[in-house]
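Peer 1: This is the structure I want to talk about, given as structure tokens.
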Amino acid sequence: MTTEIADVLIVGAGPVGLTAAVALTQLGHDVVIVDGRAEGANTSRAAVVHPHTLELLEPYGVTTPLVGRGLHTPDFTIRDRDQVLIAVPFDKLPTAYPYALMISQADTEKFILERLTELGVPVRRPAEVITVVQDAEIVTATLADGEQIRARYLIGADGLHSTVREQAGIGFSGGSYAESFSLADVRVSGGVPKDEVILYFSPAGLVVVAPLPDGVYRIVATVDEAPHEPDIAFLQRLLDERGPKAQPAVVEEVVWGSRFRVHHRVADSFRDRRILLAGDAAHVHSPAGGQGMNLGIEDAVTAATTLSRVLRGEPQTLLDEHAAARRRTTESVLSIAGRLTSLATMPATVRPLRNIAMRLAGRTALVRDKLAWRLSGLDRR
């Protein structure tokens with residue numbers, strides 16, 4: 001049994017864990033990052049990087065390649081079929097990135113991994129963490145092959161079914177939405193704009209249609225029981241029932257598709273002594289508003305910068321402040337994602353009143369600006 005020693009062990013090499021590893025390494029700390037999978041995912045759920053996230057990643061050499069690859073989308077709209085309820089413009093936001101950057105999570109992950117590789121840090125995989133124990137000075141993680149890694153601190157970025165969270169004994173309060181979600185990357189023709197992310201409301205449920213690079217569109221929809229692999233006929237039916245009506249969109253090809261269930265859960269604490277949680281290990285919620293990965297990357301950057309200060313001798317109480325602040329931020333983000341989901345799935349009987357109220361609200365610049373600030377993440381600067 002060999003033992004490796006590091007300043008920080010990061011468990012999970014998705015965008016969140018990779019970001020934490022880049023930030024800590026660039027700040028001068030010795031990092032080990034492990035992941036239980038043999039290779040990174042080449043398909044993804046997240047498809048948007050918001051302005052605040054681009055700002056956070058800028059010091060770490062990741063923003064420029066992301067911006068070069070992604071699609072710059074200045075408008076987010078909420079519609080009921082062809083009827084615009086609220087248009088949320090990003091192009092007036094006071095940032096160098098006044099748009100939603102539409103890009104596959106696989107690409108986002110690739111660019112962050114390339115930066116980590118430039119910094120000389122490999123991802124150890126497959127390296128599954130089985131147990132985590134800690135004392136006053138150190139955290140010890142034991143891998144499936146018996147190897148142990150010891151570190152002064154550990155960041156758990158190992159997803160919804162986090163071993164780190166379970167080993168730390170941290171509860172994960174919340175529940176699950178009754179519906180399943182269908183997700184697909186498709187090629188379409190017809191009435192879908194190339195410069196707008198649209199959240200369509202309908203009695204049958206919500207559907208998000210968002211452009212991606214290379215002429216692909218991301219479709220995410222609530223469905224009672226989504227198929228494992230949605231085909232053209234299924235996705236066409238979704239758009240016919242919920243999407244544009246005057247100029248219908250026609251699904252030409254399914255590039256990739258899947259289904260998933262969405263939970264709304266938050267860790268009871270984001271810290272247990274020398275362990276910090278980040279990303280889906282700490283919070284999961286509805287995809288409405290595209291906040292999940294962005295919030296996780298924000299967790300990673302703030303955890304890394306706080307840990308760096310503590311590793312350099314500042315008081316450990318900074319970690320308590322970090323954990324409390326991240327939990328407050330998460331609750332705020334979950335509230336807007338939950339409200340958008342609830343609005344989208346209201347019964348048909350109250351839909352006309354909802355539409356009137358949203359149209360009236362959408363005429364107010366204050367409402368549009370507030371939504372743009374919240375969805376872009378700039379309110380969390």
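Every chain in the structure tokens has a letter given in the order shown (A, B, ...), and although residue numbers restart at 1 in each chain, ligands are simply numbered from 1 in the order shown.
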Run DSSP on the backbone of this structure and report the residues of segment 166-266 of chain A it assigns to strand (DSSP E or B), as a PyMOL selection string.

Peer 2: chain A and resi 172-190+196-201+207-212+216-223+249-266

Peer 1: With segment 77-88 of chain A as the partner and 6 Å as the cut-off, tabulate the residues of segment 115-222 of chain A that qualify, each row holding the nearest pair of atoms and their distance in Å to one decimal, using only C-alpha atoms, sorted by chain and rising number, as JSON lines.

Peer 2:
{"residue": "A:Ile198", "atom": "CA", "partner": "A:Thr77", "partner_atom": "CA", "distance": 5.0}
{"residue": "A:Leu199", "atom": "CA", "partner": "A:Ile78", "partner_atom": "CA", "distance": 4.8}
{"residue": "A:Tyr200", "atom": "CA", "partner": "A:Arg79", "partner_atom": "CA", "distance": 4.9}
{"residue": "A:Phe201", "atom": "CA", "partner": "A:Asp80", "partner_atom": "CA", "distance": 4.9}

Peer 1: So, with only C-alpha atoms as the atoms that count, which of A:Leu360, A:Val250, A:Leu71, A:Phe181 lies closest to Arg237 of chain A?

Peer 2: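 Looking only at the distances to Arg237 of chain A, the closest residue turns out to be A:Val250.
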
Peer 1: Find the residues near Asp91 of chain A: any atom within 12 Å, counting only C-alpha atoms, skip ones fewer than 2 places away on the same chain, and give them as an MDAnalysis selection string.

Peer 2: chainID A and resid 51 72:76 87:89 93:101 195:196 369 372:373 376

Peer 1: Can you list, as a ChimeraX atom specification, every protein, DNA or RNA residue that comes within 10 Å of Arg309 of chain A when you count only C-alpha atoms, leaving out same-chain residues fewer than 4 positions away?

Peer 2: /A:27,304-305,313-316,318-319

Peer 1: So that I can see what lies close to Leu295 of chain A, please list as a ChimeraX atom specification the residues with an atom at most 8 Å from it, counting only C-alpha atoms and leaving out residues fewer than 4 positions away in the same chain.

Peer 2: /A:279,291,299,330

Peer 1: Please report, as a list of chain:residue names, each residue of segment 213-308 of chain A to which DSSP assigns alpha helix (DSSP H) when run on this structure's backbone.

Peer 2: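 Put together, the selection reads A:Ile232, A:Ala233, A:Phe234, A:Leu235, A:Gln236, A:Arg237, A:Leu238, A:Leu239, A:Asp240, A:Glu241, A:Arg242, A:Gly292, A:Met293, A:Asn294, A:Leu295, A:Gly296, A:Ile297, A:Glu298, A:Asp299, A:Ala300, A:Val301, A:Thr302, A:Ala303, A:Ala304, A:Thr305, A:Thr306, A:Leu307, A:Ser308.
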
Peer 1: Atom CA of Ala204 of chain A to atom CA of Val223 of chain A: how many Å, to one decimal?

Peer 2: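 Those two atoms sit 8.0 Å apart.
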
Peer 1: One number please: atom CA of Ala278 of chain A to atom CA of Leu206 of chain A, in Å, one decimal.

Peer 2: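 Answer for the atom CA of Ala278 of chain A to atom CA of Leu206 of chain A separation: 27.9 Å.
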
Peer 1: Which residues, written as a VMD selection string, have at least one atom at most 9 Å from Ile112 of chain A, with only C-alpha atoms counted and residues fewer than 2 positions away on the same chain left out?

Peer 2: chain A and resid 15 18 to 19 22 60 to 62 107 to 110 114 to 117

Peer 1: Set out as a tab-separated table a contact list for segment 261-354 of chain A and segment 154-157 of chain A with a cut-off of 8 Å, giving each residue of segment 261-354 of chain A that qualifies its closest atom pair and distance in Å to one decimal, counting only C-alpha atoms, ordered by chain and rising residue number.

Peer 2:
residue	atom	partner	partner_atom	distance
A:Arg274	CA	A:Leu154	CA	6.4
A:Ile275	CA	A:Leu154	CA	4.9
A:Leu276	CA	A:Ile155	CA	4.8
A:Leu277	CA	A:Gly156	CA	4.7
A:Ala278	CA	A:Ala157	CA	5.1
A:Gly279	CA	A:Ala157	CA	5.9
A:Asp280	CA	A:Ala157	CA	7.0
A:Ala281	CA	A:Ala157	CA	5.7

Peer 1: What is the distance, in Å and to one decimal place, between atom CA of Asp7 of chain A and atom CA of Leu24 of chain A?

Peer 2: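 Atom-to-atom, atom CA of Asp7 of chain A to atom CA of Leu24 of chain A, that is 9.3 Å.
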
Peer 1: Sort by chain and increasing residue number a table of all residues of segment 83-200 of chain A within 12 Å of segment 226-233 of chain A, each with its closest pair of atoms and their distance in Å to one decimal, counting only C-alpha atoms, and write it as a tab-separated table.

Peer 2:
residue	atom	partner	partner_atom	distance
A:Ala178	CA	A:Ala226	CA	11.8
A:Glu179	CA	A:Ala226	CA	8.5
A:Ser180	CA	A:Ala226	CA	5.9
A:Phe181	CA	A:Ala226	CA	6.3
A:Ser182	CA	A:Ala226	CA	5.5
A:Leu183	CA	A:Pro230	CA	7.9
A:Ala184	CA	A:Pro230	CA	7.2
A:Asp185	CA	A:Pro230	CA	10.1
A:Val186	CA	A:Ile232	CA	8.7
A:Arg187	CA	A:Ile232	CA	10.0
A:Val188	CA	A:Ile232	CA	10.2

Peer 1: Would you save the residues of that selection, restricted to N, CA, C and O atoms, as a CSV table (one decimal), in the first residue's frame?

Peer 2:
chain,number,residue,atom,x,y,z
A,178,ALA,N,-41.4,15.1,-10.1
A,178,ALA,CA,-42.1,13.9,-10.6
A,178,ALA,C,-41.8,13.5,-12.0
A,178,ALA,O,-41.7,12.3,-12.3
A,179,GLU,N,-41.6,14.5,-12.8
A,179,GLU,CA,-41.3,14.2,-14.3
A,179,GLU,C,-39.9,13.8,-14.5
A,179,GLU,O,-39.0,14.1,-13.7
A,180,SER,N,-39.7,13.1,-15.6
A,180,SER,CA,-38.3,12.9,-16.0
A,180,SER,C,-38.0,13.9,-17.1
A,180,SER,O,-38.9,14.7,-17.5
A,181,PHE,N,-36.8,14.0,-17.4
A,181,PHE,CA,-36.3,15.0,-18.4
A,181,PHE,C,-35.7,14.3,-19.6
A,181,PHE,O,-35.0,13.4,-19.5
A,182,SER,N,-36.1,14.8,-20.8
A,182,SER,CA,-35.5,14.3,-22.0
A,182,SER,C,-34.5,15.3,-22.5
A,182,SER,O,-34.8,16.5,-22.5
A,183,LEU,N,-33.4,14.8,-23.0
A,183,LEU,CA,-32.3,15.7,-23.4
A,183,LEU,C,-31.8,15.2,-24.8
A,183,LEU,O,-31.6,14.0,-24.9
A,184,ALA,N,-31.6,16.1,-25.7
A,184,ALA,CA,-31.1,15.7,-27.0
A,184,ALA,C,-30.3,16.8,-27.7
A,184,ALA,O,-30.7,18.0,-27.5
A,185,ASP,N,-29.3,16.5,-28.4
A,185,ASP,CA,-28.7,17.4,-29.4
A,185,ASP,C,-29.2,17.0,-30.8
A,185,ASP,O,-29.0,15.8,-31.2
A,186,VAL,N,-29.7,18.0,-31.5
A,186,VAL,CA,-30.4,17.7,-32.8
A,186,VAL,C,-30.0,18.7,-33.8
A,186,VAL,O,-29.5,19.8,-33.5
A,187,ARG,N,-30.2,18.3,-35.1
A,187,ARG,CA,-30.2,19.3,-36.2
A,187,ARG,C,-31.6,19.5,-36.6
A,187,ARG,O,-32.4,18.6,-36.8
A,188,VAL,N,-32.0,20.8,-36.7
A,188,VAL,CA,-33.4,21.2,-37.1
A,188,VAL,C,-33.4,22.2,-38.2
A,188,VAL,O,-32.4,22.9,-38.4

Peer 1: Pick from A:Leu143, A:Val216, A:Ile356, A:Val207: nearest to Leu235 of chain A, with only C-alpha atoms counted?

Peer 2: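 The shortest atom-to-atom distance to Leu235 of chain A comes from A:Val207.
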
Peer 1: Write out as a VMD selection string each polymer residue whose atoms come within 8 Å of segment 166-172 of chain A, counting only C-alpha atoms; drop sequence neighbours fewer than 2 positions from it.

Peer 2: chain A and resid 131 to 133 162 to 164 174 265 to 269 272 275 282
